[in-house]
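Visitor: Structure file model.txt (compact mmCIF, N, CA and C atoms) is given on the next line.
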```txt
# COMPACT_ATOMS: atom_id res chain seq x y z
N MET A 25 0.85 -1.19 0.00
CA MET A 25 0.00 0.00 0.00
C MET A 25 0.89 1.25 0.00
N ASN A 26 0.66 2.15 -0.95
CA ASN A 26 1.51 3.35 -0.97
C ASN A 26 0.99 4.40 0.02
N ASN A 27 1.74 5.49 0.17
CA ASN A 27 1.37 6.53 1.13
C ASN A 27 -0.01 7.11 0.88
N LYS A 28 -0.30 7.31 -0.40
CA LYS A 28 -1.61 7.87 -0.74
C LYS A 28 -2.72 6.95 -0.25
N SER A 29 -2.53 5.66 -0.43
CA SER A 29 -3.56 4.70 -0.04
C SER A 29 -3.89 4.81 1.44
N SER A 30 -2.86 4.80 2.29
CA SER A 30 -3.13 4.86 3.73
C SER A 30 -3.71 6.23 4.12
N LEU A 31 -3.30 7.27 3.41
CA LEU A 31 -3.85 8.60 3.66
C LEU A 31 -5.33 8.65 3.29
N TYR A 32 -5.68 8.12 2.12
CA TYR A 32 -7.09 8.10 1.68
C TYR A 32 -7.96 7.33 2.68
N ILE A 33 -7.47 6.17 3.13
CA ILE A 33 -8.25 5.36 4.07
C ILE A 33 -8.38 6.08 5.41
N SER A 34 -7.31 6.73 5.83
CA SER A 34 -7.36 7.46 7.09
C SER A 34 -8.36 8.62 7.03
N ILE A 35 -8.40 9.36 5.93
CA ILE A 35 -9.38 10.45 5.76
C ILE A 35 -10.79 9.86 5.76
N PHE A 36 -10.99 8.76 5.03
CA PHE A 36 -12.30 8.12 4.96
C PHE A 36 -12.79 7.73 6.36
N LYS A 37 -11.93 7.14 7.16
CA LYS A 37 -12.32 6.71 8.51
C LYS A 37 -12.58 7.91 9.42
N ARG A 38 -11.73 8.94 9.31
CA ARG A 38 -11.82 10.09 10.20
C ARG A 38 -13.04 10.96 9.88
N LYS A 39 -13.35 11.13 8.60
CA LYS A 39 -14.41 12.05 8.19
C LYS A 39 -15.75 11.36 7.94
N GLY A 40 -15.75 10.03 7.93
CA GLY A 40 -16.99 9.31 7.65
C GLY A 40 -16.84 7.90 8.17
N GLY A 41 -16.87 6.93 7.26
CA GLY A 41 -16.66 5.56 7.67
C GLY A 41 -17.47 4.58 6.86
N GLU A 42 -17.31 3.31 7.20
CA GLU A 42 -18.00 2.25 6.47
C GLU A 42 -19.50 2.29 6.75
N GLY A 43 -20.25 1.67 5.83
CA GLY A 43 -21.69 1.54 6.00
C GLY A 43 -22.08 0.11 5.70
N LEU A 44 -23.36 -0.11 5.44
CA LEU A 44 -23.82 -1.46 5.13
C LEU A 44 -23.25 -1.96 3.81
N GLU A 45 -23.14 -1.06 2.82
CA GLU A 45 -22.70 -1.46 1.49
C GLU A 45 -21.36 -0.85 1.09
N THR A 46 -20.75 -0.10 1.97
CA THR A 46 -19.48 0.56 1.68
C THR A 46 -18.42 0.02 2.64
N LYS A 47 -17.35 -0.51 2.07
CA LYS A 47 -16.33 -1.15 2.90
C LYS A 47 -14.93 -0.75 2.46
N ILE A 48 -14.03 -0.71 3.43
CA ILE A 48 -12.61 -0.61 3.13
C ILE A 48 -12.20 -2.02 2.71
N ILE A 49 -11.55 -2.13 1.58
CA ILE A 49 -11.21 -3.45 1.05
C ILE A 49 -10.02 -4.02 1.84
N ASN A 50 -10.21 -5.24 2.33
CA ASN A 50 -9.14 -5.92 3.08
C ASN A 50 -9.14 -7.40 2.71
N ASN A 51 -8.24 -8.15 3.31
CA ASN A 51 -8.12 -9.57 2.99
C ASN A 51 -9.37 -10.37 3.33
N ASN A 52 -10.12 -9.92 4.33
CA ASN A 52 -11.33 -10.65 4.75
C ASN A 52 -12.50 -10.50 3.79
N ASN A 53 -12.59 -9.35 3.09
CA ASN A 53 -13.76 -9.12 2.24
C ASN A 53 -13.45 -9.03 0.74
N LYS A 54 -12.17 -9.06 0.35
CA LYS A 54 -11.83 -8.78 -1.06
C LYS A 54 -12.38 -9.84 -2.02
N ARG A 55 -12.56 -11.08 -1.58
CA ARG A 55 -13.10 -12.11 -2.48
C ARG A 55 -14.51 -11.77 -2.96
N ARG A 56 -15.25 -11.10 -2.11
CA ARG A 56 -16.63 -10.72 -2.44
C ARG A 56 -16.70 -9.79 -3.66
N TYR A 57 -15.64 -9.03 -3.91
CA TYR A 57 -15.64 -8.02 -4.96
C TYR A 57 -14.74 -8.37 -6.14
N GLU A 58 -14.20 -9.59 -6.15
CA GLU A 58 -13.21 -9.98 -7.16
C GLU A 58 -13.65 -9.71 -8.59
N SER A 59 -14.93 -9.90 -8.88
CA SER A 59 -15.39 -9.69 -10.26
C SER A 59 -15.17 -8.24 -10.71
N LEU A 60 -15.24 -7.29 -9.78
CA LEU A 60 -15.01 -5.89 -10.14
C LEU A 60 -13.52 -5.59 -10.29
N PHE A 61 -12.68 -6.39 -9.67
CA PHE A 61 -11.24 -6.16 -9.76
C PHE A 61 -10.70 -6.44 -11.16
N LEU A 62 -11.50 -7.06 -12.01
CA LEU A 62 -11.10 -7.27 -13.39
C LEU A 62 -10.92 -5.94 -14.11
N GLU A 63 -11.55 -4.90 -13.58
CA GLU A 63 -11.46 -3.55 -14.15
C GLU A 63 -10.09 -2.91 -13.86
N LEU A 64 -9.38 -3.44 -12.89
CA LEU A 64 -8.15 -2.79 -12.42
C LEU A 64 -6.96 -3.06 -13.31
N GLU A 65 -6.03 -2.11 -13.30
CA GLU A 65 -4.78 -2.27 -14.04
C GLU A 65 -3.78 -3.00 -13.14
N ASP A 66 -2.69 -3.48 -13.74
CA ASP A 66 -1.64 -4.13 -12.95
C ASP A 66 -1.15 -3.17 -11.87
N ASN A 67 -0.93 -3.68 -10.70
CA ASN A 67 -0.42 -2.90 -9.56
C ASN A 67 -1.39 -1.85 -9.02
N GLU A 68 -2.59 -1.79 -9.55
CA GLU A 68 -3.58 -0.84 -9.00
C GLU A 68 -4.18 -1.46 -7.75
N GLN A 69 -4.28 -0.66 -6.71
CA GLN A 69 -4.72 -1.15 -5.40
C GLN A 69 -6.15 -0.68 -5.11
N PRO A 70 -7.13 -1.59 -5.01
CA PRO A 70 -8.48 -1.17 -4.63
C PRO A 70 -8.49 -0.82 -3.14
N LEU A 71 -9.15 0.29 -2.78
CA LEU A 71 -9.12 0.77 -1.39
C LEU A 71 -10.49 0.73 -0.72
N ILE A 72 -11.45 1.40 -1.34
CA ILE A 72 -12.79 1.53 -0.73
C ILE A 72 -13.82 1.20 -1.80
N ILE A 73 -14.85 0.46 -1.40
CA ILE A 73 -15.86 0.06 -2.38
C ILE A 73 -17.27 0.25 -1.81
N TYR A 74 -18.15 0.77 -2.66
CA TYR A 74 -19.58 0.77 -2.39
C TYR A 74 -20.13 -0.24 -3.38
N PHE A 75 -20.77 -1.28 -2.88
CA PHE A 75 -21.27 -2.33 -3.76
C PHE A 75 -22.73 -2.62 -3.43
N LYS A 76 -23.61 -2.14 -4.31
CA LYS A 76 -25.03 -2.45 -4.16
C LYS A 76 -25.31 -3.76 -4.91
N ASN A 77 -24.85 -3.80 -6.17
CA ASN A 77 -24.96 -5.00 -7.00
C ASN A 77 -24.00 -4.83 -8.18
N MET A 78 -24.01 -5.78 -9.10
CA MET A 78 -23.07 -5.72 -10.23
C MET A 78 -23.34 -4.53 -11.17
N GLN A 79 -24.49 -3.90 -11.07
CA GLN A 79 -24.80 -2.75 -11.92
C GLN A 79 -24.52 -1.42 -11.21
N THR A 80 -24.64 -1.42 -9.89
CA THR A 80 -24.50 -0.17 -9.14
C THR A 80 -23.38 -0.32 -8.10
N TRP A 81 -22.27 0.35 -8.37
CA TRP A 81 -21.13 0.27 -7.47
C TRP A 81 -20.19 1.45 -7.71
N PHE A 82 -19.28 1.63 -6.77
CA PHE A 82 -18.28 2.70 -6.81
C PHE A 82 -17.02 2.13 -6.17
N MET A 83 -15.88 2.36 -6.79
CA MET A 83 -14.63 1.87 -6.23
C MET A 83 -13.54 2.94 -6.33
N LEU A 84 -12.91 3.22 -5.20
CA LEU A 84 -11.78 4.13 -5.17
C LEU A 84 -10.52 3.28 -5.06
N THR A 85 -9.57 3.54 -5.95
CA THR A 85 -8.29 2.83 -5.87
C THR A 85 -7.20 3.87 -5.57
N ASP A 86 -5.97 3.42 -5.50
CA ASP A 86 -4.87 4.34 -5.24
C ASP A 86 -4.64 5.30 -6.41
N SER A 87 -5.18 5.00 -7.60
CA SER A 87 -4.93 5.87 -8.74
C SER A 87 -6.18 6.28 -9.53
N ARG A 88 -7.29 5.56 -9.34
CA ARG A 88 -8.48 5.87 -10.14
C ARG A 88 -9.76 5.78 -9.31
N THR A 89 -10.82 6.34 -9.89
CA THR A 89 -12.16 6.25 -9.34
C THR A 89 -13.02 5.60 -10.42
N LEU A 90 -13.62 4.47 -10.10
CA LEU A 90 -14.43 3.70 -11.05
C LEU A 90 -15.84 3.58 -10.49
N PHE A 91 -16.84 3.74 -11.35
CA PHE A 91 -18.21 3.57 -10.85
C PHE A 91 -19.17 3.23 -11.97
N SER A 92 -20.28 2.65 -11.55
CA SER A 92 -21.32 2.24 -12.49
C SER A 92 -22.67 2.47 -11.83
N ASP A 93 -23.60 3.03 -12.58
CA ASP A 93 -24.96 3.18 -12.04
C ASP A 93 -25.94 2.35 -12.86
N GLY A 94 -25.45 1.34 -13.50
CA GLY A 94 -26.31 0.49 -14.32
C GLY A 94 -26.23 0.88 -15.78
N GLU A 95 -26.50 2.14 -16.08
CA GLU A 95 -26.49 2.60 -17.47
C GLU A 95 -25.11 3.10 -17.87
N ILE A 96 -24.50 3.85 -16.97
CA ILE A 96 -23.24 4.50 -17.30
C ILE A 96 -22.12 3.92 -16.45
N HIS A 97 -21.04 3.58 -17.11
CA HIS A 97 -19.85 3.01 -16.47
C HIS A 97 -18.71 4.01 -16.68
N SER A 98 -18.10 4.50 -15.62
CA SER A 98 -17.08 5.54 -15.75
C SER A 98 -15.81 5.17 -15.02
N ILE A 99 -14.70 5.58 -15.61
CA ILE A 99 -13.39 5.39 -15.01
C ILE A 99 -12.63 6.70 -15.11
N LEU A 100 -12.24 7.27 -13.97
CA LEU A 100 -11.52 8.54 -13.96
C LEU A 100 -10.17 8.35 -13.29
N ASN A 101 -9.15 8.94 -13.85
CA ASN A 101 -7.86 8.98 -13.16
C ASN A 101 -8.00 9.99 -12.03
N ASN A 102 -7.57 9.63 -10.84
CA ASN A 102 -7.69 10.56 -9.71
C ASN A 102 -6.98 11.88 -10.00
N SER A 103 -5.90 11.82 -10.78
CA SER A 103 -5.15 13.04 -11.10
C SER A 103 -5.92 13.99 -12.01
N GLU A 104 -7.04 13.54 -12.58
CA GLU A 104 -7.84 14.37 -13.49
C GLU A 104 -8.98 15.12 -12.78
N ILE A 105 -9.28 14.74 -11.55
CA ILE A 105 -10.43 15.32 -10.83
C ILE A 105 -10.08 16.71 -10.31
N ILE A 106 -10.85 17.72 -10.74
CA ILE A 106 -10.56 19.09 -10.30
C ILE A 106 -11.74 19.72 -9.54
N GLU A 107 -12.84 19.02 -9.43
CA GLU A 107 -13.98 19.55 -8.67
C GLU A 107 -14.80 18.40 -8.14
N VAL A 108 -15.24 18.52 -6.89
CA VAL A 108 -16.09 17.53 -6.26
C VAL A 108 -17.14 18.28 -5.46
N ARG A 109 -18.40 17.95 -5.69
CA ARG A 109 -19.45 18.58 -4.88
C ARG A 109 -20.69 17.71 -4.87
N PRO A 110 -21.55 17.94 -3.89
CA PRO A 110 -22.82 17.19 -3.89
C PRO A 110 -23.59 17.51 -5.18
N ALA A 111 -24.23 16.50 -5.75
CA ALA A 111 -25.02 16.69 -6.98
C ALA A 111 -26.41 17.16 -6.57
N MET A 112 -26.49 18.42 -6.17
CA MET A 112 -27.72 19.00 -5.60
C MET A 112 -28.93 18.86 -6.52
N GLN A 113 -28.77 19.26 -7.78
CA GLN A 113 -29.92 19.23 -8.69
C GLN A 113 -30.50 17.83 -8.80
N GLU A 114 -29.63 16.83 -8.93
CA GLU A 114 -30.07 15.45 -9.07
C GLU A 114 -30.78 14.98 -7.80
N GLU A 115 -30.28 15.39 -6.64
CA GLU A 115 -30.91 15.01 -5.37
C GLU A 115 -32.27 15.70 -5.23
N PHE A 116 -32.32 17.00 -5.54
CA PHE A 116 -33.57 17.74 -5.42
C PHE A 116 -34.64 17.19 -6.36
N LYS A 117 -34.21 16.78 -7.57
CA LYS A 117 -35.16 16.20 -8.54
C LYS A 117 -35.88 14.99 -7.96
N GLU A 118 -35.16 14.24 -7.10
CA GLU A 118 -35.75 13.06 -6.47
C GLU A 118 -36.43 13.41 -5.15
N GLY A 119 -36.53 14.70 -4.87
CA GLY A 119 -37.22 15.15 -3.67
C GLY A 119 -36.39 15.07 -2.39
N LEU A 120 -35.10 14.88 -2.53
CA LEU A 120 -34.23 14.81 -1.34
C LEU A 120 -33.75 16.20 -0.98
N ILE A 121 -34.05 16.61 0.25
CA ILE A 121 -33.55 17.90 0.71
C ILE A 121 -32.69 17.75 1.95
N ASP A 122 -32.76 16.60 2.60
CA ASP A 122 -31.94 16.31 3.78
C ASP A 122 -30.57 15.83 3.30
N LYS A 123 -29.55 16.64 3.53
CA LYS A 123 -28.22 16.27 3.01
C LYS A 123 -27.68 14.99 3.63
N GLU A 124 -28.23 14.56 4.74
CA GLU A 124 -27.83 13.28 5.35
C GLU A 124 -28.24 12.09 4.48
N LYS A 125 -29.18 12.33 3.58
CA LYS A 125 -29.68 11.25 2.71
C LYS A 125 -29.10 11.32 1.29
N PHE A 126 -28.26 12.31 1.03
CA PHE A 126 -27.66 12.45 -0.30
C PHE A 126 -26.82 11.22 -0.65
N THR A 127 -26.88 10.83 -1.92
CA THR A 127 -26.12 9.67 -2.39
C THR A 127 -25.30 9.98 -3.65
N ARG A 128 -25.35 11.22 -4.15
CA ARG A 128 -24.66 11.51 -5.40
C ARG A 128 -23.62 12.61 -5.24
N LEU A 129 -22.50 12.38 -5.91
CA LEU A 129 -21.46 13.40 -5.99
C LEU A 129 -21.24 13.74 -7.46
N LYS A 130 -20.96 15.00 -7.70
CA LYS A 130 -20.67 15.46 -9.06
C LYS A 130 -19.17 15.73 -9.14
N LEU A 131 -18.52 15.05 -10.08
CA LEU A 131 -17.07 15.18 -10.26
C LEU A 131 -16.81 15.88 -11.59
N LYS A 132 -15.85 16.78 -11.58
CA LYS A 132 -15.46 17.46 -12.81
C LYS A 132 -14.00 17.14 -13.08
N THR A 133 -13.68 16.85 -14.35
CA THR A 133 -12.30 16.53 -14.71
C THR A 133 -11.63 17.72 -15.41
N LYS A 134 -10.34 17.60 -15.61
CA LYS A 134 -9.56 18.68 -16.22
C LYS A 134 -10.04 19.05 -17.62
N ASN A 135 -10.66 18.10 -18.33
CA ASN A 135 -11.17 18.45 -19.67
C ASN A 135 -12.64 18.87 -19.63
N ASN A 136 -13.07 19.37 -18.47
CA ASN A 136 -14.42 19.93 -18.27
C ASN A 136 -15.56 18.95 -18.47
N GLU A 137 -15.31 17.67 -18.24
CA GLU A 137 -16.39 16.69 -18.26
C GLU A 137 -16.92 16.53 -16.84
N TYR A 138 -18.24 16.33 -16.75
CA TYR A 138 -18.88 16.11 -15.45
C TYR A 138 -19.36 14.68 -15.34
N PHE A 139 -19.23 14.11 -14.16
CA PHE A 139 -19.67 12.75 -13.89
C PHE A 139 -20.45 12.74 -12.59
N ILE A 140 -21.52 11.98 -12.56
CA ILE A 140 -22.29 11.82 -11.32
C ILE A 140 -22.08 10.40 -10.83
N CYS A 141 -21.59 10.27 -9.60
CA CYS A 141 -21.44 8.93 -9.05
C CYS A 141 -22.38 8.79 -7.86
N LYS A 142 -22.89 7.59 -7.70
CA LYS A 142 -23.83 7.29 -6.64
C LYS A 142 -23.11 6.45 -5.59
N ILE A 143 -23.25 6.86 -4.33
CA ILE A 143 -22.64 6.14 -3.23
C ILE A 143 -23.63 6.04 -2.07
N GLU A 144 -23.26 5.31 -1.05
CA GLU A 144 -24.15 5.10 0.10
C GLU A 144 -24.26 6.38 0.92
N HIS A 145 -25.48 6.70 1.36
CA HIS A 145 -25.70 7.92 2.15
C HIS A 145 -25.09 7.79 3.56
N GLY A 146 -25.03 8.89 4.26
CA GLY A 146 -24.55 8.90 5.64
C GLY A 146 -23.03 8.96 5.73
N LEU A 147 -22.47 8.20 6.67
CA LEU A 147 -21.02 8.24 6.91
C LEU A 147 -20.19 7.89 5.68
N PRO A 148 -20.57 6.85 4.89
CA PRO A 148 -19.77 6.57 3.68
C PRO A 148 -19.73 7.75 2.72
N TYR A 149 -20.88 8.42 2.55
CA TYR A 149 -20.97 9.59 1.66
C TYR A 149 -20.00 10.67 2.15
N LYS A 150 -20.07 10.97 3.45
CA LYS A 150 -19.21 12.01 4.01
C LYS A 150 -17.73 11.65 3.84
N GLY A 151 -17.39 10.41 4.13
CA GLY A 151 -16.00 9.97 4.04
C GLY A 151 -15.46 10.02 2.62
N LEU A 152 -16.24 9.47 1.68
CA LEU A 152 -15.79 9.46 0.27
C LEU A 152 -15.72 10.88 -0.29
N TYR A 153 -16.69 11.72 0.09
CA TYR A 153 -16.66 13.12 -0.34
C TYR A 153 -15.35 13.78 0.11
N GLN A 154 -14.97 13.55 1.37
CA GLN A 154 -13.75 14.17 1.89
C GLN A 154 -12.49 13.63 1.21
N VAL A 155 -12.45 12.33 0.93
CA VAL A 155 -11.29 11.75 0.25
C VAL A 155 -11.18 12.34 -1.16
N LEU A 156 -12.29 12.36 -1.89
CA LEU A 156 -12.28 12.91 -3.25
C LEU A 156 -11.94 14.41 -3.23
N HIS A 157 -12.42 15.10 -2.22
CA HIS A 157 -12.12 16.52 -2.09
C HIS A 157 -10.62 16.72 -1.85
N PHE A 158 -10.02 15.87 -1.03
CA PHE A 158 -8.58 15.92 -0.77
C PHE A 158 -7.81 15.67 -2.07
N ILE A 159 -8.23 14.66 -2.84
CA ILE A 159 -7.60 14.34 -4.13
C ILE A 159 -7.68 15.54 -5.07
N MET A 160 -8.88 16.14 -5.15
CA MET A 160 -9.10 17.29 -6.01
C MET A 160 -8.21 18.47 -5.61
N THR A 161 -8.09 18.72 -4.31
CA THR A 161 -7.28 19.84 -3.83
C THR A 161 -5.83 19.69 -4.27
N LYS A 162 -5.32 18.46 -4.21
CA LYS A 162 -3.94 18.21 -4.66
C LYS A 162 -3.79 18.50 -6.16
N ASN A 163 -4.82 18.20 -6.93
CA ASN A 163 -4.76 18.42 -8.39
C ASN A 163 -4.86 19.91 -8.74
N VAL A 164 -5.64 20.64 -7.99
CA VAL A 164 -5.87 22.06 -8.29
C VAL A 164 -4.68 22.90 -7.84
N SER A 165 -4.01 22.48 -6.77
CA SER A 165 -2.92 23.30 -6.24
C SER A 165 -1.58 23.05 -6.94
N ARG A 166 -1.57 22.18 -7.94
CA ARG A 166 -0.31 21.89 -8.66
C ARG A 166 0.08 23.02 -9.59
```
Mind turning the file's structure into structure tokens?

Guide:
Amino acid sequence: MNNKSSLYISIFKRKGGEGLETKIINNNNKRRYESLFLELEDNEQPLIIYFKNMQTWFMLTDSRTLFSDGEIHSILNNSEIIEVRPAMQEEFKEGLIDKEKFTRLKLKTKNNEYFICKIEHGLPYKGLYQVLHFIMTKNVSR
């Protein structure tokens, strides 16, 4: 595990944490997600995963952010993320106004593309938001 990996996990634990469907990947649970690891490149380390089912999931690795909402499958290099924020419009459209129940984040990349990823509400949402925000800050301050 590289320095970034332990830093990302530490931010996730400190600012949020695991939920029913969001887990820090370790030796005890990694077999459960093996089918998604086929997406990974050599030497890429999976760190945190939200797994609802094979169509709806989110995975943060030491170098990329991968997610699927059933229709759209996205893979972003962490070094490309320059903006992270709650996807307010999408949440409001579904009638969600309590930010504790939010499940979507809007990510913007260096080439001005926007992506909406869905994750578990509550502590996992807060933790992943903070990790992605930390990643984004490093990219913007370069």

Visitor: Nearest to Tyr149 in chain A among A:Tyr57, A:Tyr32, A:Phe75, A:Phe126, with distances taken over only C-alpha atoms: which residue is it?

Guide: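 Nearest candidate to Tyr149 in chain A out of A:Tyr57, A:Tyr32, A:Phe75, A:Phe126: A:Phe126.
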
Visitor: Which of these residues is nearest to Pro110 in chain A, using only C-alpha atoms: A:Ser87, A:Asn51, A:Gln79, A:Gln154?

Guide: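 Comparing A:Ser87, A:Asn51, A:Gln79, A:Gln154 against Pro110 in chain A, the winner is A:Gln154.
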
Visitor: For Leu152 in chain A, which residue among A:Leu90, A:Met78, A:Leu131, A:Ile35 is the nearest when counting only N, CA and C atoms?

Guide: A:Ile35

Visitor: Gly40 in chain A: which residues within 7 Å, counting only C-alpha atoms, same-chain residues fewer than 5 positions away excluded, as an MDAnalysis selection string?

Guide: chainID A and resid 147:148 150:151

Visitor: So which residues touch range 65-70 of chain A within 6 Å, counting all atoms listed in the file, skipping near sequence neighbours fewer than 6 positions away, as a list in words?

Guide: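 What passes the distance filter is Ile49, Leu84, Thr85, Asp86 and Ser87 of chain A.
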
Visitor: Would you mind writing down, as number ranges by chain, each residue of chain A that DSSP on the backbone assigns to strand (DSSP E or B)?

Guide: A: 46-48, 70-75, 80-85, 88-93, 97-101, 105-110, 128-133, 138-142

Visitor: Excluding range 132-137 of chain A and its own-chain neighbours fewer than 3 positions away, which residues fall within 7 Å of it when counting only C-alpha atoms? Please give them as a ChimeraX atom specification.

Guide: /A:104-108

Visitor: Ranking A:Leu129, A:Leu62, A:Met112, A:Leu100 by minimum distance to Cys141 in chain A and counting only C-alpha atoms, which one comes first?

Guide: A:Leu129

Visitor: Counting only C-alpha atoms, which residue out of A:Lys54, A:Lys123, A:Lys47, A:Arg109 sits closest to Lys76 in chain A?

Guide: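 The closest residue to Lys76 in chain A is A:Lys47.
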
Visitor: Around all the atoms of range 65-78 of chain A listed in the file, with 6 Å of room on each side, what axis-aligned box do you get, giving centre and edge lengths in Å to one decimal, as lines of an AutoDock Vina configuration file?

Guide:
```
center_x = -12.9
center_y = -2.1
center_z = -7.4
size_x = 36.9
size_y = 19.3
size_z = 25.3
```

Visitor: With all atoms listed in the file as the counted atoms, please give the residues lying no more than 8 Å from Asn163 in chain A, apart from itself and same-chain residues fewer than 3 positions off, as a list in words.

Guide: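 Result of the neighbour search: Asn102, Ser103, Glu104, Ile105, Ile106, His157, Phe158, Ile159, Met160 and Arg166 of chain A.
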
Visitor: Would you mind writing down, as number ranges by chain, each residue of chain A that DSSP on the backbone assigns to helix (DSSP H, G or I)?

Guide: A: 27-39, 54-63, 102-104, 112-117, 123-125, 147-164

Visitor: List the spatial neighbours of Ile99 in chain A as a CSV table (one decimal) with N, CA and C atoms, in the coordinates of the input - criterion: any atom at most 7 Å away, all atoms listed in the file, same-chain residues fewer than 6 positions off excluded.

Guide:
```csv
chain,number,residue,atom,x,y,z
A,88,ARG,N,-7.3,5.6,-9.3
A,88,ARG,CA,-8.5,5.9,-10.1
A,88,ARG,C,-9.8,5.8,-9.3
A,89,THR,N,-10.8,6.3,-9.9
A,89,THR,CA,-12.2,6.2,-9.3
A,89,THR,C,-13.0,5.6,-10.4
A,90,LEU,N,-13.6,4.5,-10.1
A,90,LEU,CA,-14.4,3.7,-11.0
A,90,LEU,C,-15.8,3.6,-10.5
A,91,PHE,N,-16.8,3.7,-11.4
A,91,PHE,CA,-18.2,3.6,-10.8
A,91,PHE,C,-19.2,3.2,-12.0
```

Visitor: Have a look at A:Leu120, A:Leu71, A:Ile96, A:Leu60 and name the one nearest to Ile33 in chain A; count only C-alpha atoms.

Guide: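 Looking only at the distances to Ile33 in chain A, the closest residue turns out to be A:Leu71.
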